[in-house]
>>> print(open('coords-v8.txt').read())   # compact mmCIF, C-alpha atoms and all ligand atoms
# COMPACT_ATOMS: atom_id res chain seq x y z
CA MET O 110 -48.18 -24.82 39.37
CA MET O 111 -47.09 -28.41 38.81
CA PRO O 112 -43.84 -28.58 36.85
CA ILE O 113 -44.06 -30.06 33.36
CA ILE O 114 -40.93 -30.49 31.26
CA THR O 115 -41.49 -31.20 27.58
CA ILE O 116 -38.88 -32.73 25.29
CA ASP O 117 -39.76 -32.76 21.61
CA GLY O 118 -37.68 -33.78 18.64
CA PRO O 119 -37.29 -36.21 15.78
CA SER O 120 -36.85 -39.94 16.05
CA GLY O 121 -33.36 -40.89 17.26
CA SER O 122 -32.48 -37.48 18.72
CA GLY O 123 -32.08 -39.12 22.13
CA LYS O 124 -35.20 -37.59 23.65
CA GLY O 125 -36.55 -40.93 24.94
CA THR O 126 -33.34 -41.71 26.81
CA LEU O 127 -33.02 -38.17 28.14
CA ALA O 128 -36.66 -37.94 29.19
CA ARG O 129 -36.26 -41.18 31.14
CA ARG O 130 -33.06 -39.98 32.81
CA LEU O 131 -34.52 -36.60 33.74
CA ALA O 132 -37.71 -38.17 35.13
CA GLN O 133 -35.62 -40.50 37.24
CA HIS O 134 -33.29 -37.74 38.38
CA LEU O 135 -36.15 -35.43 39.36
CA GLY O 136 -38.50 -38.14 40.66
CA PHE O 137 -41.15 -37.06 38.11
CA HIS O 138 -43.63 -39.13 36.10
CA LEU O 139 -42.77 -39.93 32.50
CA LEU O 140 -44.95 -39.73 29.39
CA ASP O 141 -43.59 -41.48 26.29
CA SER O 142 -46.26 -40.14 23.94
CA GLY O 143 -44.80 -41.94 20.91
CA ALA O 144 -45.60 -45.21 22.64
CA LEU O 145 -49.30 -44.27 22.63
CA TYR O 146 -49.23 -43.74 18.84
CA ARG O 147 -47.30 -46.99 18.42
CA LEU O 148 -49.77 -48.86 20.65
CA THR O 149 -52.74 -47.44 18.75
CA ALA O 150 -51.23 -48.67 15.48
CA LEU O 151 -50.59 -52.11 16.97
CA ALA O 152 -54.11 -52.30 18.40
CA ALA O 153 -55.61 -51.38 15.00
CA GLN O 154 -53.44 -53.97 13.30
CA LYS O 155 -54.49 -56.60 15.85
CA GLN O 156 -58.16 -55.83 15.17
CA GLN O 157 -57.46 -55.95 11.42
CA ILE O 158 -58.53 -52.34 10.98
CA ASP O 159 -56.96 -50.53 8.03
CA LEU O 160 -54.74 -47.66 9.25
CA SER O 161 -56.63 -45.20 7.06
CA ALA O 162 -60.09 -46.29 8.30
CA ALA O 163 -62.20 -43.99 10.50
CA GLU O 164 -62.29 -46.69 13.21
CA VAL O 165 -58.62 -46.04 14.09
CA ALA O 166 -59.77 -42.99 16.10
CA ASP O 167 -62.10 -45.26 18.12
CA VAL O 168 -59.18 -47.62 18.70
CA ALA O 169 -57.16 -44.67 20.07
CA GLU O 170 -60.06 -43.55 22.26
CA THR O 171 -60.63 -46.99 23.81
CA LEU O 172 -57.03 -48.16 23.93
CA ASN O 173 -56.51 -50.61 26.82
CA VAL O 174 -52.86 -49.93 27.71
CA ARG O 175 -50.79 -49.98 30.84
CA PHE O 176 -47.14 -49.25 31.61
CA ASP O 177 -45.52 -51.07 34.51
CA ALA O 178 -43.05 -49.47 36.92
CA ALA O 179 -40.14 -50.37 34.64
CA GLY O 180 -41.90 -48.72 31.67
CA ALA O 181 -42.86 -51.95 29.87
CA ALA O 182 -46.05 -51.57 27.79
CA TYR O 183 -49.06 -53.89 27.87
CA LEU O 184 -51.82 -53.88 25.28
CA ASP O 185 -54.97 -55.67 26.52
CA GLU O 186 -52.72 -56.98 29.33
CA VAL O 187 -50.31 -58.62 26.88
CA GLY O 188 -46.67 -57.44 26.94
CA VAL O 189 -45.84 -55.84 23.57
CA ASP O 190 -42.37 -54.36 24.14
CA SER O 191 -40.67 -56.54 21.53
CA VAL O 192 -42.84 -55.19 18.67
CA LEU O 193 -43.37 -51.72 20.08
CA ARG O 194 -39.95 -50.32 19.18
CA THR O 195 -39.48 -51.76 15.69
CA GLU O 196 -39.09 -49.43 12.71
CA GLN O 197 -42.21 -50.98 11.17
CA THR O 198 -44.31 -50.06 14.20
CA GLY O 199 -42.73 -46.57 14.17
CA ALA O 200 -43.72 -46.10 10.53
CA MET O 201 -47.30 -47.21 11.24
CA ALA O 202 -47.41 -44.83 14.23
CA SER O 203 -46.19 -41.95 12.08
CA GLN O 204 -48.92 -42.71 9.51
CA ILE O 205 -51.80 -42.60 11.99
CA ALA O 206 -50.20 -39.68 13.86
CA ALA O 207 -50.88 -37.46 10.83
CA ARG O 208 -54.63 -37.82 11.47
CA PRO O 209 -56.37 -35.09 13.49
CA ASP O 210 -59.02 -37.50 14.79
CA VAL O 211 -56.39 -39.87 16.21
CA ARG O 212 -54.44 -36.98 17.78
CA ALA O 213 -57.62 -35.59 19.35
CA ALA O 214 -58.54 -39.03 20.71
CA LEU O 215 -55.16 -39.32 22.48
CA LEU O 216 -55.07 -35.79 23.92
CA ALA O 217 -56.88 -36.33 27.25
CA ARG O 218 -55.00 -39.57 27.85
CA GLN O 219 -51.68 -37.74 27.48
CA ARG O 220 -52.72 -34.83 29.71
CA ALA O 221 -53.77 -37.29 32.44
CA PHE O 222 -50.07 -38.12 32.95
CA ALA O 223 -49.53 -34.66 34.48
CA GLN O 224 -49.59 -35.58 38.16
CA ALA O 225 -47.67 -34.46 41.25
CA PRO O 226 -44.82 -34.08 41.82
CA GLY O 227 -44.24 -33.36 38.10
CA LEU O 228 -43.98 -34.73 34.59
CA VAL O 229 -41.37 -35.17 31.89
CA ALA O 230 -43.18 -35.66 28.54
CA ASP O 231 -41.44 -36.66 25.34
CA GLY O 232 -42.81 -36.58 21.81
CA ARG O 233 -43.31 -34.29 18.84
CA ASP O 234 -45.92 -31.80 20.05
CA MET O 235 -45.56 -31.88 23.83
CA GLY O 236 -44.53 -28.23 24.11
CA THR O 237 -46.67 -26.93 21.25
CA VAL O 238 -50.04 -28.70 21.59
CA VAL O 239 -50.36 -31.10 24.52
CA PHE O 240 -48.73 -28.97 27.26
CA PRO O 241 -48.44 -25.46 25.75
CA SER O 242 -47.97 -23.87 29.19
CA ALA O 243 -45.25 -26.28 30.34
CA SER O 244 -42.67 -24.83 32.73
CA VAL O 245 -39.71 -25.96 30.63
CA LYS O 246 -39.63 -26.77 26.90
CA ILE O 247 -36.73 -28.43 25.18
CA PHE O 248 -36.32 -29.38 21.52
CA LEU O 249 -33.67 -32.00 20.89
CA ASP O 250 -32.30 -32.40 17.38
CA ALA O 251 -29.47 -34.29 15.62
CA SER O 252 -28.48 -34.90 12.00
CA ALA O 253 -30.35 -37.69 10.15
CA GLN O 254 -27.10 -39.60 9.61
CA ILE O 255 -26.27 -39.62 13.31
CA ARG O 256 -29.81 -40.50 14.31
CA ALA O 257 -29.83 -43.44 11.90
CA ASP O 258 -26.51 -44.59 13.29
CA ARG O 259 -27.82 -44.44 16.87
CA ARG O 260 -31.01 -46.28 15.93
CA TYR O 261 -28.94 -48.95 14.20
CA LYS O 262 -26.87 -49.57 17.33
CA GLN O 263 -29.99 -49.54 19.51
CA LEU O 264 -31.79 -52.12 17.34
CA ILE O 265 -28.75 -54.39 17.11
CA GLY O 266 -28.23 -54.01 20.87
CA ASN O 267 -31.83 -55.14 21.41
CA GLY O 268 -31.19 -58.24 19.32
CA LEU O 269 -33.25 -56.94 16.37
CA SER O 270 -32.07 -56.93 12.76
CA ALA O 271 -31.22 -53.61 11.07
CA ASN O 272 -29.82 -52.17 7.85
CA LEU O 273 -28.14 -48.76 8.10
CA ALA O 274 -28.87 -47.52 4.56
CA ALA O 275 -32.54 -48.50 4.88
CA LEU O 276 -32.69 -46.83 8.31
CA ILE O 277 -31.45 -43.49 6.95
CA GLU O 278 -34.14 -43.59 4.27
CA GLU O 279 -36.83 -44.55 6.77
CA ILE O 280 -35.76 -41.84 9.21
CA GLN O 281 -35.84 -39.21 6.46
CA ALA O 282 -39.27 -40.38 5.25
CA ARG O 283 -40.61 -40.33 8.82
CA ASP O 284 -39.08 -36.87 9.45
CA ASP O 285 -40.72 -35.51 6.31
CA ARG O 286 -44.09 -36.89 7.36
CA ASP O 287 -43.80 -35.67 10.97
CA ARG O 288 -42.48 -32.20 10.02
CA ASN O 289 -44.82 -31.50 7.14
CA ARG O 290 -48.17 -32.74 8.40
CA ALA O 291 -50.97 -30.21 8.76
CA VAL O 292 -51.80 -31.00 12.41
CA ALA O 293 -49.25 -30.67 15.22
CA PRO O 294 -46.18 -30.78 12.95
CA LEU O 295 -42.78 -31.37 14.50
CA ILE O 296 -41.47 -27.86 15.18
CA PRO O 297 -39.80 -26.31 18.23
CA ALA O 298 -42.11 -24.25 20.44
CA PRO O 299 -41.05 -20.56 20.23
CA ASP O 300 -39.98 -20.68 23.89
CA ALA O 301 -38.08 -24.00 23.64
CA LEU O 302 -34.38 -24.43 24.28
CA VAL O 303 -33.04 -26.09 21.11
CA ILE O 304 -30.14 -28.52 21.62
CA ASP O 305 -28.35 -30.29 18.77
CA SER O 306 -27.13 -33.57 20.25
CA SER O 307 -25.21 -34.68 17.11
CA HIS O 308 -21.79 -34.36 18.72
CA LEU O 309 -22.70 -34.47 22.40
CA THR O 310 -22.75 -37.34 24.85
CA ILE O 311 -25.96 -38.18 26.70
CA GLU O 312 -24.35 -36.87 29.90
CA ALA O 313 -23.46 -33.55 28.25
CA VAL O 314 -27.02 -33.09 26.94
CA GLU O 315 -28.45 -33.99 30.33
CA ALA O 316 -26.19 -31.42 32.01
CA GLN O 317 -27.37 -28.69 29.58
CA MET O 318 -30.98 -29.64 30.22
CA MET O 319 -30.53 -29.61 34.00
CA ASP O 320 -28.87 -26.17 33.82
CA PHE O 321 -31.85 -24.87 31.84
CA ILE O 322 -34.37 -26.51 34.21
CA ARG O 323 -32.63 -24.93 37.22
CA ALA O 324 -32.45 -21.55 35.46
CA GLN O 325 -36.24 -21.69 34.99
CA GLY O 326 -36.59 -22.24 38.74
CA VAL O 327 -38.29 -25.63 38.44
CA VAL O 328 -35.89 -27.32 40.86
O1 LIG O 401 -41.18 -41.12 19.33
P1 LIG O 401 -41.60 -42.33 18.54
O2 LIG O 401 -40.62 -42.74 17.50
O3 LIG O 401 -41.98 -43.47 19.44
O4 LIG O 401 -42.95 -41.89 17.78
C1 LIG O 401 -43.56 -42.71 16.82
C2 LIG O 401 -44.35 -41.86 15.84
O5 LIG O 401 -45.48 -41.28 16.52
C3 LIG O 401 -43.59 -40.68 15.25
O6 LIG O 401 -43.10 -40.96 13.94
C4 LIG O 401 -44.58 -39.58 15.17
C5 LIG O 401 -45.67 -39.94 16.12
N1 LIG O 401 -45.73 -39.08 17.30
C6 LIG O 401 -46.43 -37.91 17.19
O7 LIG O 401 -46.91 -37.59 16.11
N2 LIG O 401 -46.59 -37.12 18.27
C7 LIG O 401 -46.04 -37.43 19.44
N3 LIG O 401 -46.22 -36.63 20.49
C8 LIG O 401 -45.28 -38.62 19.57
C9 LIG O 401 -45.13 -39.42 18.47
>>> encode(input="coords-v8.txt", output="structure tokens")
Amino acid sequence: MMPIITIDGPSGSGKGTLARRLAQHLGFHLLDSGALYRLTALAAQKQQIDLSAAEVADVAETLNVRFDAAGAAYLDEVGVDSVLRTEQTGAMASQIAARPDVRAALLARQRAFAQAPGLVADGRDMGTVVFPSASVKIFLDASAQIRADRRYKQLIGNGLSANLAALIEEIQARDDRDRNRAVAPLIPAPDALVIDSSHLTIEAVEAQMMDFIRAQGVV
């Protein structure tokens, strides 16, 4: 069976960075599922479709997106990386991600990333809904304060503006929405290894993940 490693967790837990590192280390494909929700929100906005309108599911279904080898995202062949990672786009993504029709429309597209030699998929419901029979499931968590702090440094490092107090509030609001929605809420799969990265370096988390992956016999 083709190995699939899922990494779920809240925004700012470090799952994006770790998924990228693991995929590189193992030579596996990478699915950044959050990017698909972000791109759907951006596409709807571009077409001036209200985020609560039924048409958003059609936007998700017909999304014209591509990721280049370096992971940069293109929407209708236009590079969108600069707007993709902003908190505003994240909040819009979280809003449409609560809708079952949008989630259903993105399901097949996400599953299509599972190709040889293997996949590392990061998101909120990778191990619970999209790839329930994944070989390895990991849930990465961290305190809201630490996640806000990391996001702050990341945004500033990318030349974007940021306000720490506002970030903590936004992260908590997004957590609440992602954890409490009726469809595919953010919860660890029963068979997931839960890691709290609050006081760990990226290297230490990666080492724990690799130990777990080896213990499952994937590599
Ligand atoms: O991981 P991210 O910050 O790029 O995700 C943006 C939003 O998309 C997040 O607030 C919740 C939603 N999302 C989701 O519901 N399911 C996923 N698998 C990935 C993201």
>>> closest_residue(input="coords-v8.txt", among="O:Ala206, O:Leu273, O:Ala221, O:Ala313", to="Ala291 in chain O", atoms="all atoms listed in the file")
O:Ala206
>>> residues_near_point(input="coords-v8.txt", point="(-26.3, -36.5, 12.7)", cutoff="12 Å", atoms="all atoms listed in the file", output="PyMOL selection string")
chain O and resi 119-123+249-260+277+280-281+305-309
>>> write_last_selection(input="coords-v8.txt", atoms="C-alpha atoms", output="PDB file, keeping the file's coordinate frame")
ATOM      1  CA  PRO O 119     -37.290 -36.210  15.780  1.00  0.00           C
ATOM      2  CA  SER O 120     -36.850 -39.940  16.050  1.00  0.00           C
ATOM      3  CA  GLY O 121     -33.360 -40.890  17.260  1.00  0.00           C
ATOM      4  CA  SER O 122     -32.480 -37.480  18.720  1.00  0.00           C
ATOM      5  CA  GLY O 123     -32.080 -39.120  22.130  1.00  0.00           C
ATOM      6  CA  LEU O 249     -33.670 -32.000  20.890  1.00  0.00           C
ATOM      7  CA  ASP O 250     -32.300 -32.400  17.380  1.00  0.00           C
ATOM      8  CA  ALA O 251     -29.470 -34.290  15.620  1.00  0.00           C
ATOM      9  CA  SER O 252     -28.480 -34.900  12.000  1.00  0.00           C
ATOM     10  CA  ALA O 253     -30.350 -37.690  10.150  1.00  0.00           C
ATOM     11  CA  GLN O 254     -27.100 -39.600   9.610  1.00  0.00           C
ATOM     12  CA  ILE O 255     -26.270 -39.620  13.310  1.00  0.00           C
ATOM     13  CA  ARG O 256     -29.810 -40.500  14.310  1.00  0.00           C
ATOM     14  CA  ALA O 257     -29.830 -43.440  11.900  1.00  0.00           C
ATOM     15  CA  ASP O 258     -26.510 -44.590  13.290  1.00  0.00           C
ATOM     16  CA  ARG O 259     -27.820 -44.440  16.870  1.00  0.00           C
ATOM     17  CA  ARG O 260     -31.010 -46.280  15.930  1.00  0.00           C
ATOM     18  CA  ILE O 277     -31.450 -43.490   6.950  1.00  0.00           C
ATOM     19  CA  ILE O 280     -35.760 -41.840   9.210  1.00  0.00           C
ATOM     20  CA  GLN O 281     -35.840 -39.210   6.460  1.00  0.00           C
ATOM     21  CA  ASP O 305     -28.350 -30.290  18.770  1.00  0.00           C
ATOM     22  CA  SER O 306     -27.130 -33.570  20.250  1.00  0.00           C
ATOM     23  CA  SER O 307     -25.210 -34.680  17.110  1.00  0.00           C
ATOM     24  CA  HIS O 308     -21.790 -34.360  18.720  1.00  0.00           C
ATOM     25  CA  LEU O 309     -22.700 -34.470  22.400  1.00  0.00           C
TER      26      LEU O 309
END
>>> residues_near_point(input="coords-v8.txt", point="(-55.8, -31.9, 16.3)", cutoff="12 Å", atoms="all atoms listed in the file", output="ChimeraX atom specification")
/O:166,206-217,234,237-239,290-294
>>> residues_near_ligand(input="coords-v8.txt", ligand="ligand LIG 401 (chain O)", cutoff="6 Å", atoms="only C-alpha atoms and all ligand atoms", output="list in words")
Ser120, Ser142, Gly143, Ala144, Tyr146, Arg147, Gly199, Ala202, Ser203, Ala206, Gly232, Arg233, Asp234, Met235, Arg283 and Asp287 of chain O
>>> residues_around(input="coords-v8.txt", residues="Thr198 in chain O", least_positions_apart="6", cutoff="8 Å", atoms="all atoms listed in the file", output="list in words")
Arg147, Ala150, Leu151 and Val192 of chain O
>>> closest_residue(input="coords-v8.txt", among="O:Ala274, O:Ala230, O:Val327, O:Leu135", to="Asp117 in chain O", atoms="all atoms listed in the file")
O:Ala230
>>> atom_distance(input="coords-v8.txt", atom1="CA of Ile265 in chain O", atom2="CA of Ala181 in chain O")
19.2 Å
>>> closest_residue(input="coords-v8.txt", among="O:Ala282, O:Val229, O:Leu276, O:Ile116", to="His138 in chain O", atoms="only C-alpha atoms")
O:Val229
>>> atom_distance(input="coords-v8.txt", atom1="CA of Met318 in chain O", atom2="CA of His134 in chain O")
11.7 Å
>>> residues_around(input="coords-v8.txt", residues="Arg218 in chain O", least_positions_apart="6", cutoff="10 Å", atoms="only C-alpha atoms", output="JSON, numbers by chain")
{"O": [142, 145, 169, 170, 172]}
>>> atom_distance(input="coords-v8.txt", atom1="CA of Arg130 in chain O", atom2="CA of Pro297 in chain O")
21.1 Å
>>> closest_residue(input="coords-v8.txt", among="O:Val168, O:Met110, O:Ser244, O:Ala162", to="Asp185 in chain O", atoms="only C-alpha atoms")
O:Val168
>>> closest_residue(input="coords-v8.txt", among="O:Gly125, O:Gly266, O:Gly236, O:Gly227", to="Ala301 in chain O", atoms="all atoms listed in the file")
O:Gly236
>>> residues_around(input="coords-v8.txt", residues="Gly188 in chain O", least_positions_apart="5", cutoff="10 Å", atoms="only C-alpha atoms", output="NGL selection string")
:O and (174-177 or 181-183 or 193)
>>> closest_residue(input="coords-v8.txt", among="O:Ile304, O:Ala324, O:Ala152, O:Ala200", to="Glu278 in chain O", atoms="only C-alpha atoms")
O:Ala200
>>> decode(input="coords-v8.txt", residues="range 131-147 of chain O", atoms="N, CA, C and O atoms", output="PDB file, in the first residue's frame")
ATOM      1  N   LEU O 131       9.437  16.810   5.999  1.00  0.00           N
ATOM      2  CA  LEU O 131       9.299  15.352   5.904  1.00  0.00           C
ATOM      3  C   LEU O 131       9.196  14.902   4.452  1.00  0.00           C
ATOM      4  O   LEU O 131       9.821  13.913   4.046  1.00  0.00           O
ATOM      5  N   ALA O 132       8.396  15.642   3.660  1.00  0.00           N
ATOM      6  CA  ALA O 132       8.210  15.274   2.247  1.00  0.00           C
ATOM      7  C   ALA O 132       9.559  15.307   1.530  1.00  0.00           C
ATOM      8  O   ALA O 132       9.889  14.397   0.759  1.00  0.00           O
ATOM      9  N   GLN O 133      10.335  16.325   1.842  1.00  0.00           N
ATOM     10  CA  GLN O 133      11.648  16.466   1.215  1.00  0.00           C
ATOM     11  C   GLN O 133      12.577  15.318   1.636  1.00  0.00           C
ATOM     12  O   GLN O 133      13.205  14.672   0.806  1.00  0.00           O
ATOM     13  N   HIS O 134      12.592  15.090   2.952  1.00  0.00           N
ATOM     14  CA  HIS O 134      13.424  14.037   3.532  1.00  0.00           C
ATOM     15  C   HIS O 134      13.097  12.662   2.935  1.00  0.00           C
ATOM     16  O   HIS O 134      13.985  11.882   2.605  1.00  0.00           O
ATOM     17  N   LEU O 135      11.800  12.383   2.776  1.00  0.00           N
ATOM     18  CA  LEU O 135      11.383  11.057   2.320  1.00  0.00           C
ATOM     19  C   LEU O 135      11.263  10.961   0.795  1.00  0.00           C
ATOM     20  O   LEU O 135      11.061   9.879   0.247  1.00  0.00           O
ATOM     21  N   GLY O 136      11.318  12.117   0.114  1.00  0.00           N
ATOM     22  CA  GLY O 136      11.132  12.129  -1.339  1.00  0.00           C
ATOM     23  C   GLY O 136       9.671  11.884  -1.723  1.00  0.00           C
ATOM     24  O   GLY O 136       9.372  11.349  -2.788  1.00  0.00           O
ATOM     25  N   PHE O 137       8.738  12.296  -0.840  1.00  0.00           N
ATOM     26  CA  PHE O 137       7.308  12.095  -1.074  1.00  0.00           C
ATOM     27  C   PHE O 137       6.669  13.375  -1.634  1.00  0.00           C
ATOM     28  O   PHE O 137       7.224  14.459  -1.523  1.00  0.00           O
ATOM     29  N   HIS O 138       5.484  13.223  -2.205  1.00  0.00           N
ATOM     30  CA  HIS O 138       4.706  14.393  -2.636  1.00  0.00           C
ATOM     31  C   HIS O 138       4.170  15.102  -1.396  1.00  0.00           C
ATOM     32  O   HIS O 138       4.091  14.515  -0.316  1.00  0.00           O
ATOM     33  N   LEU O 139       3.750  16.348  -1.596  1.00  0.00           N
ATOM     34  CA  LEU O 139       3.253  17.156  -0.483  1.00  0.00           C
ATOM     35  C   LEU O 139       1.878  17.723  -0.830  1.00  0.00           C
ATOM     36  O   LEU O 139       1.684  18.253  -1.918  1.00  0.00           O
ATOM     37  N   LEU O 140       0.938  17.571   0.097  1.00  0.00           N
ATOM     38  CA  LEU O 140      -0.369  18.237  -0.062  1.00  0.00           C
ATOM     39  C   LEU O 140      -0.535  19.250   1.055  1.00  0.00           C
ATOM     40  O   LEU O 140      -0.610  18.876   2.230  1.00  0.00           O
ATOM     41  N   ASP O 141      -0.593  20.517   0.691  1.00  0.00           N
ATOM     42  CA  ASP O 141      -0.916  21.594   1.643  1.00  0.00           C
ATOM     43  C   ASP O 141      -2.403  21.882   1.438  1.00  0.00           C
ATOM     44  O   ASP O 141      -2.775  22.704   0.618  1.00  0.00           O
ATOM     45  N   SER O 142      -3.246  21.149   2.182  1.00  0.00           N
ATOM     46  CA  SER O 142      -4.687  21.241   1.915  1.00  0.00           C
ATOM     47  C   SER O 142      -5.245  22.612   2.267  1.00  0.00           C
ATOM     48  O   SER O 142      -6.194  23.086   1.638  1.00  0.00           O
ATOM     49  N   GLY O 143      -4.631  23.272   3.255  1.00  0.00           N
ATOM     50  CA  GLY O 143      -5.100  24.621   3.615  1.00  0.00           C
ATOM     51  C   GLY O 143      -5.005  25.568   2.432  1.00  0.00           C
ATOM     52  O   GLY O 143      -5.856  26.447   2.264  1.00  0.00           O
ATOM     53  N   ALA O 144      -3.979  25.360   1.598  1.00  0.00           N
ATOM     54  CA  ALA O 144      -3.812  26.231   0.436  1.00  0.00           C
ATOM     55  C   ALA O 144      -5.021  26.110  -0.497  1.00  0.00           C
ATOM     56  O   ALA O 144      -5.434  27.094  -1.106  1.00  0.00           O
ATOM     57  N   LEU O 145      -5.611  24.913  -0.583  1.00  0.00           N
ATOM     58  CA  LEU O 145      -6.765  24.744  -1.474  1.00  0.00           C
ATOM     59  C   LEU O 145      -7.979  25.529  -0.947  1.00  0.00           C
ATOM     60  O   LEU O 145      -8.738  26.107  -1.730  1.00  0.00           O
ATOM     61  N   TYR O 146      -8.147  25.551   0.381  1.00  0.00           N
ATOM     62  CA  TYR O 146      -9.237  26.353   0.959  1.00  0.00           C
ATOM     63  C   TYR O 146      -8.943  27.845   0.773  1.00  0.00           C
ATOM     64  O   TYR O 146      -9.833  28.636   0.466  1.00  0.00           O
ATOM     65  N   ARG O 147      -7.687  28.217   0.966  1.00  0.00           N
ATOM     66  CA  ARG O 147      -7.309  29.627   0.767  1.00  0.00           C
ATOM     67  C   ARG O 147      -7.532  30.038  -0.693  1.00  0.00           C
ATOM     68  O   ARG O 147      -8.052  31.118  -0.976  1.00  0.00           O
TER      69      ARG O 147
END
